[in-house]
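J.: Okay, here's the structure, questions in a sec.
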Amino acid sequence: MPFPLIRPLRQATSSLVLLLCALVAHAQNAPPPAAPPATRPAGSDPADGTTPPPGAAAASAPTGADAALLSRDARRIYELSRDKLVQIRTLLRNANTQASIGSGFFVSADGLIVTNFHVASQLALEPERYRGVYVTMEGQEGEVELLAFDLQRDLAVLRAKGRTAAAPVLGFRPADEALAQGERIYSLGNPLDIGFAVTEGTYNGLVKRSFYPRIFFGGTLNPGMSGGPAVDDAGRALGVNVAKRLDGEQVSFLIPAEFAQALVQRAANAQPITQAAHAEMTRQLMEHQQLLTDRFLKAPFREQRHGNYRVPVPDDALARCWGSGRDPAFPGLNLERTQCRADSDVVAGEFNTGAVRLSYEAYNAPTLGAARFARMFSQSFANEQLQRRGNRHQTAAECSERFVDPGSLPLRAVVCLSAYRKLPGLYNMTVLAASINQPTQGVLGRLDVQGIAFDNGMKLASHYLKAFRWEAAP
């Protein structure tokens, strides 16, 4: 699941699953994610078929007194936090026009500000073209400088330049005070550049299968709120707004505060970043791809059955997988599809990287005959989309094809690599594999890994191809 980030306020672009909570225009060229899970409509019968007792719905609805109490809580949180909140704007230096807008909050008296990396990414990658400013709720404006960033958690620390008075500080909730399931929390930010706001929601634990820890916030986040704080009932920051699902309601995500605290400590004595930080970005992405490789190599693939074929799918703790059965658009052909995706994306400025996706198509067409099946199967293999043209971020894909026999199943395999222009040593890799052992049956597999080093890419490709099997009937 890509985590849709709540993009900074830039010209909006579409994202199938996740929205970065800052208003920004970022082109996404990654393959589409796997289909989201189906959910039961609100108000439908329980899954076990039982009928709720009379009055249950009424009992769950808040009374007028409860609603008033919640409203008072939100107002109190707003008043406690308002002087610590800021809007972060990225401006074109020449035209002085806004390029992106997000949120942030003061965490030290000397003016350190926490926000998301995707809010401040232009300051890191193109400081000669962009400058940053903060704006308080009272409309006071000042310059900011970027001190440090954490790509893996999508965090950045800025410093307000030229402040003469001590900044009001939003404190962090102590790490030893664990959040309780269902505990009420409040998210703050500047949604859609229309004014500062507070939204109420609940703590629902950590997101399952998230590569890096994320808090599941049962509340609303909107573009422009990226980098704003989420606070507890005492007004202490417990997380940082980052993303929401576009295919659901009140399914949002926060970065746990412990990672923001760690970055603040790193940034406290850091020098401002005044040159393009591609070297630091590359270093952090190298760490990310090493973690990704280690986790996939240590967790054995599970086998998924398609007739006599056994194809590798990731361990359930690493990725979500979805499948579909017979496709009516292909009469005479039994076609089954599977898509898997690891929630391991990270923001690298104008694009995301770090994702791992697997997909399969299994074919069985006993009525087509060997020649017609071979033609159709070959066309399906040839139709796979690749990075055939370079762009300003990546080179065109270069591919190598060979026939391999890793065990019980001979395969036609293609490995393609596309290099990042400004992130040396990192590639996007695609591995295509097609079985060649049966005249009217076949399986086509695809592995996509973004932001991988060459050696680790080859390890993952080998690990993947060796996991295909043919199990003959007894």
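Letters A, B, ... go to the chains of the structure tokens in the order shown; residues in each chain start at 1; ligands are counted from 1 in the same order.
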Each residue of range 163-274 of chain A lying at most 9 Å from range 90-105 of chain A should get a row with its shortest atom-to-atom pair and the distance in Å to one decimal, counting only C-alpha atoms; could you produce that, ordered by chain and increasing number, as a tab-separated table?
T.:
residue	atom	partner	partner_atom	distance
A:Val169	CA	A:Phe105	CA	8.0
A:Leu170	CA	A:Phe105	CA	7.0
A:Leu188	CA	A:Ser103	CA	8.5
A:Gly189	CA	A:Ser103	CA	5.5
A:Asn190	CA	A:Ser103	CA	6.2
A:Pro191	CA	A:Gly102	CA	8.4
A:Leu192	CA	A:Ile101	CA	8.6
A:Asp193	CA	A:Ile101	CA	7.4
A:Pro223	CA	A:Gly102	CA	7.7
A:Gly224	CA	A:Gly102	CA	4.5
A:Met225	CA	A:Ser103	CA	5.4
A:Ser226	CA	A:Gly102	CA	5.2
A:Gly227	CA	A:Ser103	CA	4.9
A:Gly228	CA	A:Gly104	CA	4.6
A:Pro229	CA	A:Phe105	CA	6.7
A:Val240	CA	A:Gly104	CA	8.7
A:Asn241	CA	A:Ser103	CA	8.8
J.: Output all heavy atoms of each residue in that selection to a file, as a compact mmCIF listing (two decimals), in the first residue's frame.
T.:
# COMPACT_ATOMS: atom_id res chain seq x y z
N VAL A 169 7.03 26.35 22.72
CA VAL A 169 7.43 24.97 22.42
C VAL A 169 6.27 24.01 22.66
O VAL A 169 5.62 24.05 23.71
CB VAL A 169 8.63 24.55 23.29
CG1 VAL A 169 8.98 23.09 23.06
CG2 VAL A 169 9.84 25.43 22.99
N LEU A 170 6.02 23.15 21.69
CA LEU A 170 5.07 22.05 21.86
C LEU A 170 5.85 20.83 22.33
O LEU A 170 6.72 20.32 21.62
CB LEU A 170 4.37 21.74 20.53
CG LEU A 170 3.25 20.71 20.58
CD1 LEU A 170 2.09 21.20 21.43
CD2 LEU A 170 2.76 20.38 19.18
N LEU A 188 -3.59 18.68 14.19
CA LEU A 188 -3.63 20.11 13.92
C LEU A 188 -2.85 20.42 12.66
O LEU A 188 -1.85 19.77 12.35
CB LEU A 188 -3.05 20.89 15.10
CG LEU A 188 -3.77 20.67 16.43
CD1 LEU A 188 -2.83 20.03 17.42
CD2 LEU A 188 -4.30 21.97 16.97
N GLY A 189 -3.30 21.41 11.92
CA GLY A 189 -2.62 21.83 10.70
C GLY A 189 -3.43 22.86 9.96
O GLY A 189 -4.42 23.39 10.48
N ASN A 190 -3.00 23.13 8.74
CA ASN A 190 -3.67 24.15 7.92
C ASN A 190 -4.20 23.49 6.65
O ASN A 190 -3.55 23.52 5.60
CB ASN A 190 -2.68 25.26 7.57
CG ASN A 190 -3.36 26.50 7.02
OD1 ASN A 190 -4.37 26.39 6.32
ND2 ASN A 190 -2.82 27.66 7.30
N PRO A 191 -5.39 22.87 6.71
CA PRO A 191 -5.91 22.13 5.55
C PRO A 191 -6.26 23.05 4.40
O PRO A 191 -6.93 24.07 4.57
CB PRO A 191 -7.15 21.42 6.11
CG PRO A 191 -7.59 22.27 7.26
CD PRO A 191 -6.33 22.84 7.85
N LEU A 192 -5.77 22.67 3.22
CA LEU A 192 -6.15 23.34 1.97
C LEU A 192 -5.86 24.83 1.97
O LEU A 192 -6.46 25.60 1.21
CB LEU A 192 -7.64 23.09 1.66
CG LEU A 192 -8.03 21.61 1.55
CD1 LEU A 192 -9.55 21.47 1.44
CD2 LEU A 192 -7.36 20.96 0.35
N ASP A 193 -4.95 25.27 2.86
CA ASP A 193 -4.56 26.68 2.92
C ASP A 193 -5.75 27.59 3.22
O ASP A 193 -5.81 28.73 2.75
CB ASP A 193 -3.89 27.11 1.61
CG ASP A 193 -3.13 28.42 1.76
OD1 ASP A 193 -2.72 28.74 2.89
OD2 ASP A 193 -2.97 29.13 0.75
N PRO A 223 -4.92 17.68 2.56
CA PRO A 223 -3.74 18.36 2.02
C PRO A 223 -3.51 19.70 2.72
O PRO A 223 -4.44 20.46 2.95
CB PRO A 223 -4.09 18.53 0.54
CG PRO A 223 -5.01 17.40 0.25
CD PRO A 223 -5.84 17.22 1.49
N GLY A 224 -2.26 19.96 3.03
CA GLY A 224 -1.90 21.17 3.78
C GLY A 224 -1.63 20.89 5.24
O GLY A 224 -1.02 21.70 5.94
N MET A 225 -2.08 19.70 5.75
CA MET A 225 -1.87 19.34 7.15
C MET A 225 -0.58 18.55 7.35
O MET A 225 -0.21 18.26 8.49
CB MET A 225 -3.07 18.55 7.68
CG MET A 225 -4.37 19.35 7.72
SD MET A 225 -5.77 18.43 8.39
CE MET A 225 -5.34 18.35 10.13
N SER A 226 0.10 18.19 6.27
CA SER A 226 1.37 17.46 6.40
C SER A 226 2.32 18.18 7.32
O SER A 226 2.55 19.39 7.19
CB SER A 226 2.05 17.35 5.03
OG SER A 226 1.49 16.34 4.26
N GLY A 227 2.92 17.43 8.24
CA GLY A 227 3.92 18.00 9.13
C GLY A 227 3.35 18.61 10.39
O GLY A 227 4.11 18.95 11.31
N GLY A 228 2.02 18.76 10.46
CA GLY A 228 1.41 19.26 11.68
C GLY A 228 1.45 18.20 12.78
O GLY A 228 1.61 17.02 12.51
N PRO A 229 1.24 18.61 14.03
CA PRO A 229 1.31 17.65 15.13
C PRO A 229 -0.03 16.97 15.39
O PRO A 229 -1.09 17.52 15.14
CB PRO A 229 1.70 18.53 16.32
CG PRO A 229 1.00 19.84 16.02
CD PRO A 229 1.08 20.00 14.52
N VAL A 240 3.24 12.91 14.06
CA VAL A 240 3.30 13.95 13.03
C VAL A 240 2.41 13.52 11.87
O VAL A 240 2.53 12.39 11.37
CB VAL A 240 4.74 14.16 12.54
CG1 VAL A 240 4.80 15.27 11.48
CG2 VAL A 240 5.67 14.49 13.71
N ASN A 241 1.50 14.40 11.43
CA ASN A 241 0.62 14.09 10.30
C ASN A 241 1.45 13.73 9.07
O ASN A 241 2.42 14.41 8.76
CB ASN A 241 -0.24 15.31 9.93
CG ASN A 241 -1.08 15.82 11.09
OD1 ASN A 241 -1.42 15.09 12.00
ND2 ASN A 241 -1.41 17.10 11.04
J.: Would you pick out the contacts of Arg357 in chain A at 6 Å or less, using only C-alpha atoms, so that residues sharing its chain but fewer than 6 positions from it are not included, and give the list as a JSON list (two decimals) with N, CA, C and O atoms, in the first residue's frame?
T.:
[["chain", "number", "residue", "atom", "x", "y", "z"],
["A", 340, "CYS", "N", 0.70, -8.37, -5.26],
["A", 340, "CYS", "CA", 1.21, -8.18, -3.90],
["A", 340, "CYS", "C", 2.01, -6.89, -3.85],
["A", 340, "CYS", "O", 2.69, -6.53, -4.81],
["A", 341, "ARG", "N", 1.93, -6.22, -2.71],
["A", 341, "ARG", "CA", 2.67, -4.97, -2.57],
["A", 341, "ARG", "C", 3.14, -4.80, -1.13],
["A", 341, "ARG", "O", 2.35, -4.98, -0.20],
["A", 447, "LEU", "N", 8.35, -9.10, -10.80],
["A", 447, "LEU", "CA", 8.85, -8.50, -9.57],
["A", 447, "LEU", "C", 9.37, -7.12, -9.90],
["A", 447, "LEU", "O", 10.20, -6.96, -10.80],
["A", 448, "ASP", "N", 8.89, -6.11, -9.19],
["A", 448, "ASP", "CA", 9.38, -4.73, -9.34],
["A", 448, "ASP", "C", 9.95, -4.27, -8.00],
["A", 448, "ASP", "O", 9.28, -4.36, -6.96]]
J.: Could you state the separation of CA of Cys399 in chain A and CA of Phe377 in chain A in Å, given to one decimal place?
T.: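 Separation of CA of Cys399 in chain A and CA of Phe377 in chain A: 19.7 Å.
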J.: What is the distance between CA of Arg245 in chain A and CA of Thr220 in chain A, in Å to one decimal?
T.: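 Value for the CA of Arg245 in chain A-CA of Thr220 in chain A distance: 9.9 Å.
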J.: For CA of Phe301 in chain A and CA of Ala467 in chain A, quote the distance in Å rounded to one decimal.
T.: 7.2 Å
J.: Excluding Arg159 in chain A and any residue of its chain fewer than 6 positions from it, enumerate the residues within 8 Å of it, using only C-alpha atoms, and give them as a ChimeraX atom specification.
T.: /A:110-113,144-147
J.: List every residue of range 140-376 of chain A that DSSP, applied to the backbone of this structure, places in alpha helix (DSSP H), and write the result as number ranges by chain.
T.: A: 257-267, 278-298, 370-376
